[in-house]
file target.txt (compact mmCIF, C-alpha atoms and all ligand atoms)
# COMPACT_ATOMS: atom_id res chain seq x y z
CA MET A 1 0.00 0.00 0.00
CA LYS A 2 1.39 3.40 -1.01
CA ARG A 3 0.55 6.65 0.74
CA ILE A 4 -0.39 9.10 -1.98
CA LEU A 5 -0.97 12.83 -1.71
CA VAL A 6 -3.35 14.41 -4.23
CA THR A 7 -3.26 18.21 -4.15
CA GLY A 8 -6.45 19.67 -5.57
CA GLY A 9 -8.09 16.36 -4.64
CA ALA A 10 -11.54 17.88 -4.09
CA GLY A 11 -11.68 19.23 -7.64
CA PHE A 12 -13.12 17.70 -10.78
CA ILE A 13 -10.10 15.62 -11.85
CA GLY A 14 -8.67 15.23 -8.34
CA SER A 15 -11.80 13.62 -6.91
CA HIS A 16 -11.88 10.99 -9.67
CA LEU A 17 -8.17 10.37 -9.17
CA CYS A 18 -8.60 9.90 -5.39
CA GLU A 19 -11.37 7.40 -6.12
CA LYS A 20 -9.21 5.45 -8.56
CA LEU A 21 -6.14 5.39 -6.28
CA LEU A 22 -8.26 4.10 -3.38
CA SER A 23 -9.76 1.43 -5.61
CA LEU A 24 -6.20 0.29 -6.42
CA GLY A 25 -5.59 -0.32 -2.70
CA ASN A 26 -3.67 2.84 -1.75
CA GLU A 27 -3.93 5.22 1.17
CA VAL A 28 -4.92 8.65 -0.19
CA ILE A 29 -4.49 12.08 1.34
CA CYS A 30 -6.55 14.73 -0.41
CA LEU A 31 -5.29 18.29 0.09
CA ASP A 32 -7.45 21.21 -1.02
CA ASN A 33 -8.30 24.80 -0.13
CA TYR A 34 -11.78 24.45 -1.72
CA PHE A 35 -11.29 27.46 -4.01
CA THR A 36 -12.92 25.66 -6.93
CA GLY A 37 -13.25 22.20 -5.41
CA SER A 38 -16.11 21.01 -3.27
CA LYS A 39 -16.67 18.64 -0.37
CA MET A 40 -19.56 17.26 -2.41
CA ASN A 41 -17.01 15.83 -4.86
CA ILE A 42 -15.42 13.65 -2.18
CA ILE A 43 -18.25 13.13 0.29
CA HIS A 44 -18.73 9.54 -0.87
CA LEU A 45 -15.09 8.77 0.02
CA LEU A 46 -15.17 10.10 3.58
CA GLY A 47 -16.27 6.77 5.10
CA ASN A 48 -13.20 5.03 3.67
CA ARG A 49 -10.58 4.63 6.41
CA TYR A 50 -7.78 4.86 3.86
CA PHE A 51 -8.95 8.33 2.78
CA GLU A 52 -7.97 11.53 4.57
CA VAL A 53 -8.66 15.18 3.79
CA ILE A 54 -6.55 18.21 4.68
CA ARG A 55 -7.80 21.79 4.20
CA HIS A 56 -4.62 23.56 3.17
CA ASP A 57 -3.40 26.13 0.65
CA ILE A 58 -0.54 24.72 -1.42
CA THR A 59 1.16 28.11 -1.62
CA MET A 60 2.21 27.28 1.96
CA PRO A 61 4.63 24.39 2.72
CA VAL A 62 3.17 21.08 3.78
CA TYR A 63 4.89 18.50 5.99
CA ILE A 64 3.58 14.95 5.72
CA GLU A 65 5.02 11.56 4.80
CA THR A 66 4.23 10.32 1.31
CA ASP A 67 5.35 7.81 -1.33
CA GLU A 68 3.79 9.56 -4.32
CA ILE A 69 2.39 13.02 -5.01
CA TYR A 70 -0.02 14.11 -7.73
CA ASN A 71 0.09 17.91 -7.92
CA LEU A 72 -3.26 19.04 -9.30
CA ALA A 73 -4.02 22.09 -7.15
CA CYS A 74 -4.80 25.01 -9.48
CA PRO A 75 -8.01 26.50 -10.83
CA ALA A 76 -8.38 25.24 -14.39
CA SER A 77 -11.04 27.31 -16.12
CA PRO A 78 -10.53 30.89 -17.32
CA VAL A 79 -13.29 32.41 -15.12
CA HIS A 80 -11.67 30.90 -12.05
CA TYR A 81 -7.99 31.43 -12.85
CA GLN A 82 -8.58 35.00 -14.00
CA TYR A 83 -10.52 35.84 -10.82
CA ASN A 84 -7.18 36.45 -9.07
CA GLY A 85 -4.34 36.09 -11.58
CA ILE A 86 -1.61 36.68 -8.99
CA LYS A 87 -2.97 33.92 -6.79
CA THR A 88 -3.13 31.61 -9.81
CA ILE A 89 0.56 32.15 -10.55
CA LYS A 90 1.41 31.69 -6.86
CA THR A 91 -0.56 28.44 -6.79
CA SER A 92 1.29 27.04 -9.80
CA VAL A 93 4.77 28.27 -8.92
CA MET A 94 4.81 28.12 -5.11
CA GLY A 95 2.65 25.00 -5.22
CA ALA A 96 5.29 23.36 -7.41
CA ILE A 97 8.12 24.49 -5.12
CA ASN A 98 6.32 23.24 -2.00
CA THR A 99 5.32 19.87 -3.43
CA LEU A 100 8.74 19.36 -5.03
CA GLY A 101 10.39 20.22 -1.69
CA LEU A 102 8.19 17.60 -0.05
CA ALA A 103 9.04 15.05 -2.75
CA LYS A 104 12.74 15.76 -2.28
CA ARG A 105 12.55 15.30 1.49
CA THR A 106 10.36 12.16 1.42
CA LYS A 107 11.93 10.73 -1.77
CA SER A 108 8.43 10.56 -3.28
CA LYS A 109 7.69 10.30 -6.96
CA ILE A 110 5.80 13.40 -8.06
CA LEU A 111 3.51 14.06 -11.02
CA GLN A 112 2.64 17.53 -12.26
CA ALA A 113 -0.76 18.19 -13.84
CA SER A 114 0.46 20.46 -16.62
CA THR A 115 -1.71 21.53 -19.50
CA SER A 116 -2.08 21.85 -23.25
CA GLU A 117 -2.35 25.59 -22.51
CA ILE A 118 1.44 25.70 -22.37
CA TYR A 119 1.24 25.38 -26.20
CA GLY A 120 -0.80 28.64 -26.23
CA ASP A 121 -2.37 29.39 -29.63
CA PRO A 122 -0.34 26.71 -31.43
CA GLN A 123 1.26 27.23 -34.82
CA ILE A 124 1.69 23.53 -35.45
CA HIS A 125 -1.08 21.00 -35.56
CA PRO A 126 -1.45 18.55 -33.89
CA GLN A 127 0.86 19.44 -31.02
CA ASN A 128 3.57 17.03 -29.91
CA GLU A 129 5.73 17.40 -26.81
CA GLU A 130 8.64 18.87 -28.78
CA TYR A 131 6.63 22.00 -29.60
CA TRP A 132 7.64 25.02 -27.47
CA GLY A 133 4.33 26.81 -27.69
CA ASN A 134 2.98 30.22 -28.63
CA VAL A 135 1.81 32.01 -25.48
CA ASN A 136 1.06 35.73 -25.17
CA VAL A 137 3.01 36.50 -22.00
CA LEU A 138 0.88 39.59 -21.26
CA GLY A 139 -2.51 38.23 -22.26
CA PRO A 140 -5.44 37.40 -19.96
CA ARG A 141 -4.61 33.67 -20.02
CA ALA A 142 -0.93 34.18 -19.14
CA CYS A 143 -1.36 33.85 -15.36
CA TYR A 144 -2.37 30.24 -15.96
CA ASP A 145 -0.23 29.39 -18.99
CA GLU A 146 2.99 30.95 -17.72
CA GLY A 147 2.45 29.62 -14.18
CA LYS A 148 2.16 26.11 -15.59
CA ARG A 149 5.17 26.62 -17.87
CA CYS A 150 7.26 27.78 -14.89
CA ALA A 151 6.05 24.77 -12.88
CA GLU A 152 7.31 22.44 -15.62
CA THR A 153 10.69 24.20 -15.51
CA LEU A 154 10.82 23.79 -11.73
CA PHE A 155 9.99 20.10 -12.05
CA MET A 156 12.80 19.58 -14.55
CA ASN A 157 15.27 21.54 -12.41
CA TYR A 158 14.46 19.54 -9.28
CA HIS A 159 14.89 16.39 -11.33
CA GLN A 160 18.24 17.43 -12.77
CA GLN A 161 19.71 19.06 -9.67
CA ASN A 162 18.18 17.00 -6.86
CA LYS A 163 17.35 13.71 -8.59
CA VAL A 164 13.66 14.03 -7.69
CA LYS A 165 11.63 11.45 -9.63
CA ILE A 166 9.22 13.51 -11.70
CA LYS A 167 6.46 12.96 -14.25
CA ILE A 168 4.88 15.75 -16.29
CA ALA A 169 1.44 15.23 -17.85
CA ARG A 170 0.23 17.79 -20.38
CA ILE A 171 -3.51 17.42 -20.01
CA PHE A 172 -5.84 18.43 -22.83
CA ASN A 173 -9.52 19.42 -22.40
CA THR A 174 -11.21 16.93 -20.12
CA TYR A 175 -14.89 16.59 -19.28
CA GLY A 176 -17.16 14.41 -17.21
CA PRO A 177 -19.25 14.23 -14.03
CA ARG A 178 -18.26 16.71 -11.26
CA MET A 179 -17.17 19.42 -13.64
CA SER A 180 -18.21 22.66 -12.08
CA LEU A 181 -21.64 23.92 -13.11
CA ASN A 182 -20.71 27.53 -13.64
CA ASP A 183 -17.09 27.72 -14.76
CA GLY A 184 -17.69 28.63 -18.38
CA ARG A 185 -16.09 25.53 -19.87
CA VAL A 186 -17.65 24.64 -23.17
CA VAL A 187 -18.96 21.12 -22.44
CA SER A 188 -20.56 22.00 -19.09
CA ASN A 189 -21.91 25.29 -20.49
CA PHE A 190 -23.59 23.63 -23.45
CA ILE A 191 -25.03 20.76 -21.38
CA VAL A 192 -26.42 23.04 -18.67
CA GLN A 193 -27.89 25.44 -21.24
CA ALA A 194 -29.43 22.50 -23.12
CA LEU A 195 -30.91 20.94 -19.97
CA LYS A 196 -32.40 24.29 -18.93
CA GLY A 197 -33.79 24.84 -22.44
CA GLU A 198 -31.76 28.07 -22.76
CA ASP A 199 -29.95 29.28 -25.91
CA ILE A 200 -26.62 27.52 -26.42
CA THR A 201 -23.91 30.15 -26.65
CA ILE A 202 -21.02 29.67 -29.04
CA PHE A 203 -18.17 32.17 -28.81
CA GLY A 204 -16.85 32.76 -32.35
CA ASP A 205 -18.41 31.22 -35.44
CA GLY A 206 -18.15 27.68 -34.07
CA THR A 207 -15.71 26.47 -36.72
CA HIS A 208 -12.78 26.46 -34.29
CA THR A 209 -11.96 22.98 -33.08
CA ARG A 210 -11.27 21.27 -29.77
CA SER A 211 -10.64 17.71 -28.71
CA PHE A 212 -12.22 16.40 -25.52
CA GLN A 213 -11.26 13.44 -23.39
CA PHE A 214 -13.49 11.74 -20.88
CA ILE A 215 -12.36 11.86 -17.26
CA ASP A 216 -11.94 8.07 -16.87
CA ASP A 217 -9.45 8.00 -19.74
CA LEU A 218 -7.42 10.82 -18.24
CA VAL A 219 -7.28 9.25 -14.77
CA ASP A 220 -6.16 5.98 -16.31
CA GLY A 221 -3.39 7.86 -18.17
CA LEU A 222 -2.23 9.73 -15.06
CA VAL A 223 -1.88 6.51 -13.05
CA LYS A 224 -0.07 4.80 -15.93
CA LEU A 225 2.31 7.74 -16.24
CA MET A 226 3.12 7.64 -12.52
CA ASP A 227 3.91 3.93 -12.91
CA THR A 228 6.39 4.36 -15.80
CA LYS A 229 10.09 3.67 -15.20
CA ASP A 230 11.92 6.29 -13.16
CA ASP A 231 14.01 7.46 -16.12
CA PHE A 232 10.87 8.55 -18.03
CA THR A 233 9.88 12.04 -16.93
CA GLY A 234 7.69 13.21 -19.79
CA PRO A 235 6.27 15.70 -20.60
CA VAL A 236 3.64 13.55 -22.19
CA ASN A 237 0.37 14.64 -23.78
CA LEU A 238 -2.81 13.10 -22.37
CA GLY A 239 -5.80 13.93 -24.50
CA ASN A 240 -8.21 12.59 -27.05
CA PRO A 241 -7.04 13.31 -30.60
CA GLN A 242 -10.57 13.08 -32.02
CA GLU A 243 -11.25 16.66 -33.03
CA PHE A 244 -14.62 18.44 -33.20
CA GLU A 245 -15.78 21.78 -34.43
CA ILE A 246 -17.55 23.57 -31.60
CA ASN A 247 -20.66 23.64 -33.82
CA GLU A 248 -20.58 19.84 -34.00
CA LEU A 249 -20.27 19.56 -30.23
CA ALA A 250 -23.29 21.82 -29.72
CA GLU A 251 -25.34 19.79 -32.17
CA MET A 252 -24.35 16.51 -30.51
CA ILE A 253 -25.43 17.84 -27.11
CA ILE A 254 -28.72 19.10 -28.55
CA LYS A 255 -29.37 15.61 -29.94
CA LEU A 256 -28.36 13.71 -26.78
CA THR A 257 -30.36 15.91 -24.40
CA GLY A 258 -33.38 16.19 -26.72
CA THR A 259 -33.55 19.92 -25.95
CA LYS A 260 -35.35 22.56 -28.01
CA SER A 261 -32.51 25.05 -27.35
CA LYS A 262 -31.23 27.18 -30.24
CA ILE A 263 -27.58 28.03 -30.94
CA ILE A 264 -26.54 31.69 -30.68
CA TYR A 265 -23.15 33.24 -31.50
CA LYS A 266 -21.06 35.78 -29.51
CA PRO A 267 -17.58 37.26 -30.15
CA LEU A 268 -14.56 35.05 -29.41
CA PRO A 269 -12.60 36.07 -26.26
CA GLN A 270 -9.05 37.44 -26.62
CA ASP A 271 -6.26 34.87 -27.16
CA ASP A 272 -8.66 31.96 -27.44
CA PRO A 273 -6.74 29.22 -29.28
CA LYS A 274 -8.28 28.40 -32.66
CA GLN A 275 -7.25 24.78 -32.77
CA ARG A 276 -6.01 22.27 -30.23
CA GLN A 277 -5.35 18.61 -30.86
CA PRO A 278 -2.91 16.34 -29.04
CA ASP A 279 -0.39 14.13 -30.74
CA ILE A 280 -0.47 11.16 -28.35
CA SER A 281 2.20 8.99 -30.03
CA LEU A 282 4.43 9.28 -26.95
CA ALA A 283 1.65 8.22 -24.55
CA ARG A 284 0.85 5.27 -26.82
CA GLU A 285 4.50 4.22 -26.86
CA LYS A 286 5.54 4.80 -23.24
CA LEU A 287 2.28 4.29 -21.36
CA ASP A 288 0.51 1.88 -23.70
CA TRP A 289 -2.39 4.29 -23.30
CA GLU A 290 -5.02 5.78 -25.52
CA PRO A 291 -8.54 7.05 -24.86
CA ALA A 292 -11.21 4.36 -24.82
CA VAL A 293 -14.42 6.32 -24.21
CA GLY A 294 -16.22 7.68 -27.27
CA PRO A 295 -17.94 11.07 -27.32
CA GLU A 296 -21.49 9.78 -27.11
CA GLU A 297 -20.82 7.52 -24.12
CA GLY A 298 -18.88 10.23 -22.26
CA LEU A 299 -21.38 12.98 -23.03
CA LEU A 300 -24.33 10.81 -21.94
CA LYS A 301 -22.66 10.14 -18.54
CA THR A 302 -21.95 13.84 -18.14
CA ILE A 303 -25.49 14.82 -19.14
CA GLU A 304 -26.88 12.36 -16.55
CA TYR A 305 -24.69 13.94 -13.88
CA PHE A 306 -25.84 17.49 -14.66
CA ARG A 307 -29.46 16.37 -14.95
CA GLY A 308 -29.17 15.01 -11.38
CA ILE A 309 -27.57 18.21 -10.11
CA LEU A 310 -30.17 20.46 -11.73
CA LEU A 311 -33.12 18.30 -10.64
CA HIS A 312 -32.23 17.50 -7.05
CA ALA A 313 -30.20 20.40 -5.72
CA ASN A 314 -31.73 23.73 -4.93
CA PRO A 315 -30.35 26.36 -7.33
CA ASP A 316 -28.25 28.07 -4.65
CA ASP A 317 -26.48 24.84 -3.72
CA ALA A 318 -25.95 23.94 -7.35
CA ALA A 319 -24.34 27.30 -8.10
CA LYS A 320 -21.87 26.79 -5.24
CA ARG A 321 -20.66 23.43 -6.47
N1 LIG B 1 -9.97 20.04 -16.63
C1 LIG B 1 -9.15 20.15 -17.66
O1 LIG B 1 -9.60 20.05 -18.81
C2 LIG B 1 -7.67 20.36 -17.44
C3 LIG B 1 -6.85 20.51 -18.57
C4 LIG B 1 -5.49 20.71 -18.39
C5 LIG B 1 -4.95 20.73 -17.11
N2 LIG B 1 -5.75 20.58 -16.05
C6 LIG B 1 -5.12 20.66 -14.71
O2 LIG B 1 -5.60 19.63 -13.87
C7 LIG B 1 -5.69 20.11 -12.53
C8 LIG B 1 -7.10 19.87 -12.00
O3 LIG B 1 -8.04 20.55 -12.83
P1 LIG B 1 -9.61 20.43 -12.61
O4 LIG B 1 -10.25 20.51 -13.93
O5 LIG B 1 -9.90 19.31 -11.71
O6 LIG B 1 -9.90 21.82 -11.91
P2 LIG B 1 -10.68 22.14 -10.55
O7 LIG B 1 -10.76 23.61 -10.44
O8 LIG B 1 -11.95 21.35 -10.49
O9 LIG B 1 -9.70 21.54 -9.46
C9 LIG B 1 -8.61 22.24 -8.92
C10 LIG B 1 -8.59 21.96 -7.43
O10 LIG B 1 -7.47 22.64 -6.86
C11 LIG B 1 -7.90 23.32 -5.68
N3 LIG B 1 -7.01 24.46 -5.47
C12 LIG B 1 -6.92 25.59 -6.22
N4 LIG B 1 -5.98 26.41 -5.71
C13 LIG B 1 -5.48 25.78 -4.61
C14 LIG B 1 -4.50 26.13 -3.65
N5 LIG B 1 -3.84 27.30 -3.71
N6 LIG B 1 -4.25 25.25 -2.64
C15 LIG B 1 -4.91 24.08 -2.56
N7 LIG B 1 -5.87 23.70 -3.44
C16 LIG B 1 -6.13 24.55 -4.46
C17 LIG B 1 -9.33 23.71 -5.96
O11 LIG B 1 -10.08 24.00 -4.82
C18 LIG B 1 -9.83 22.48 -6.72
O12 LIG B 1 -10.33 21.50 -5.84
C19 LIG B 1 -5.31 21.58 -12.56
O13 LIG B 1 -3.96 21.70 -12.17
C20 LIG B 1 -5.47 21.96 -14.01
O14 LIG B 1 -4.59 22.99 -14.37
C21 LIG B 1 -7.11 20.42 -16.18
call {"tool": "encode", "arguments": {"input": "target.txt", "output": "structure tokens"}}
result
Amino acid sequence: MKRILVTGGAGFIGSHLCEKLLSLGNEVICLDNYFTGSKMNIIHLLGNRYFEVIRHDITMPVYIETDEIYNLACPASPVHYQYNGIKTIKTSVMGAINTLGLAKRTKSKILQASTSEIYGDPQIHPQNEEYWGNVNVLGPRACYDEGKRCAETLFMNYHQQNKVKIKIARIFNTYGPRMSLNDGRVVSNFIVQALKGEDITIFGDGTHTRSFQFIDDLVDGLVKLMDTKDDFTGPVNLGNPQEFEINELAEMIIKLTGTKSKIIYKPLPQDDPKQRQPDISLAREKLDWEPAVGPEEGLLKTIEYFRGILLHANPDDAAKR
């Protein structure tokens, strides 16, 4: 049995990861400051004696004993990470320093949840791990993108200077149950608008593309990456290469929910990447991993989740999730 720390464990991805690691027979410590996470995401795990929760802000050092660390703490959607850009950078950079310091002291293996956003508005397509990216350092997304880029640099420096065993995952758009209801991400936005019978808002003309992976595929990839040989550090892309136009996604959600909602168009926000698609050759080779869940199956599970939230929770509770 390993003792595993998951920072950001009460968030969307973190809560699924905690669940998976427990199911594999580990002891899991979930650390979170509940900025965007919620106790509701982990409430079903609280009865498990191998699960522990710490309310803590990762910008401050943490002293516990661990075998492995998954560093996920960081708001992930633009509305949340732009709410306090300075805090977002601190979370990425100081969070990396604090978790890497802990990994160094406890000789733990540590995995960083990096992001496809480090590629910015990419000039090559699809993106492989060799690509250096195209980020506007002064733009509204920079607090997130540059914080995550600096975190990757810190991970590599701790590995090279202090022999810390690191893994870097570059995560592409992920969706599924427990995404936040009100964070402006495209899949949750469209589903919630469709279920409420409201207009479905597309920013831009809807011809820009995205690829979406279902949460179970990502969690599987993260665990496989952690289990690779010590000399493999990544970075490695984890995403679903199947690409959709945003218009197609909206139409699929309209069909699967059976809504009468109409699509409306609004201007594209500044620095929004036009295209994003992972090249996952490296993950296939090193992790023997590729996404297994198709869009219809994943979207149906996500729609069921949001239907439950909208039906059973009172609107105030739902908005706080
Ligand atoms: N969801 C995606 O599509 C996606 C894509 C690329 C990368 N990622 C990365 O994966 C990680 C998890 O993303 P998510 O989608 O689950 O987002 P999320 O917002 O649901 O989860 C982030 C969690 O971190 C916690 N947190 C934030 N700041 C903290 C701090 N200072 N101290 C302690 N806890 C803090 C939040 O409360 C939340 O529980 C993030 O690092 C994100 O950058 C996510």
call {"tool": "closest_atom_pairs", "arguments": {"input": "target.txt", "of": "chain A", "to": "ligand LIG 1 (chain B)", "cutoff": "6 Å", "atoms": "all atoms listed in the file", "output": "Markdown table"}}
result
| residue | atom | partner | partner_atom | distance |
| --- | --- | --- | --- | --- |
| A:Gly8 | CA | B:LIG1 | O10 | 3.4 |
| A:Gly9 | CA | B:LIG1 | O12 | 5.7 |
| A:Ala10 | CA | B:LIG1 | O12 | 4.2 |
| A:Gly11 | CA | B:LIG1 | O12 | 3.2 |
| A:Phe12 | CA | B:LIG1 | O5 | 3.7 |
| A:Ile13 | CA | B:LIG1 | O5 | 3.7 |
| A:Gly14 | CA | B:LIG1 | O5 | 5.4 |
| A:Asp32 | CA | B:LIG1 | N7 | 3.8 |
| A:Asn33 | CA | B:LIG1 | C15 | 4.2 |
| A:Tyr34 | CA | B:LIG1 | O11 | 3.6 |
| A:Phe35 | CA | B:LIG1 | O11 | 3.8 |
| A:Thr36 | CA | B:LIG1 | O11 | 3.9 |
| A:Gly37 | CA | B:LIG1 | O12 | 3.0 |
| A:His56 | CA | B:LIG1 | C15 | 5.8 |
| A:Asp57 | CA | B:LIG1 | N6 | 3.5 |
| A:Ile58 | CA | B:LIG1 | N6 | 3.9 |
| A:Thr59 | CA | B:LIG1 | N5 | 5.5 |
| A:Leu72 | CA | B:LIG1 | O13 | 4.0 |
| A:Ala73 | CA | B:LIG1 | O10 | 3.5 |
| A:Cys74 | CA | B:LIG1 | C12 | 3.9 |
| A:Pro75 | CA | B:LIG1 | O7 | 4.0 |
| A:Ala76 | CA | B:LIG1 | C20 | 4.4 |
| A:Thr91 | CA | B:LIG1 | N5 | 4.6 |
| A:Ala113 | CA | B:LIG1 | O13 | 5.0 |
| A:Ser114 | CA | B:LIG1 | C5 | 5.4 |
| A:Thr115 | CA | B:LIG1 | C4 | 4.0 |
| A:Ile171 | CA | B:LIG1 | C4 | 4.2 |
| A:Phe172 | CA | B:LIG1 | C3 | 4.8 |
| A:Asn173 | CA | B:LIG1 | O1 | 3.6 |
| A:Thr174 | CA | B:LIG1 | O1 | 3.7 |
call {"tool": "atom_distance", "arguments": {"input": "target.txt", "atom1": "atom CA of A:Phe306", "atom2": "atom CA of A:Ile264"}}
result
21.4 Å
call {"tool": "closest_residue", "arguments": {"input": "target.txt", "among": "A:Ala142, A:Met226, A:Cys150, A:Leu195", "to": "A:Ile309", "atoms": "only C-alpha atoms"}}
result
A:Leu195
call {"tool": "closest_residue", "arguments": {"input": "target.txt", "among": "A:Pro140, A:Asp288, A:Cys18, A:Glu245", "to": "A:Gln82", "atoms": "all atoms listed in the file"}}
result
A:Pro140
call {"tool": "closest_residue", "arguments": {"input": "target.txt", "among": "A:Leu5, A:Val28, A:Ile54, A:Leu299", "to": "A:Leu102", "atoms": "all atoms listed in the file"}}
result
A:Leu5
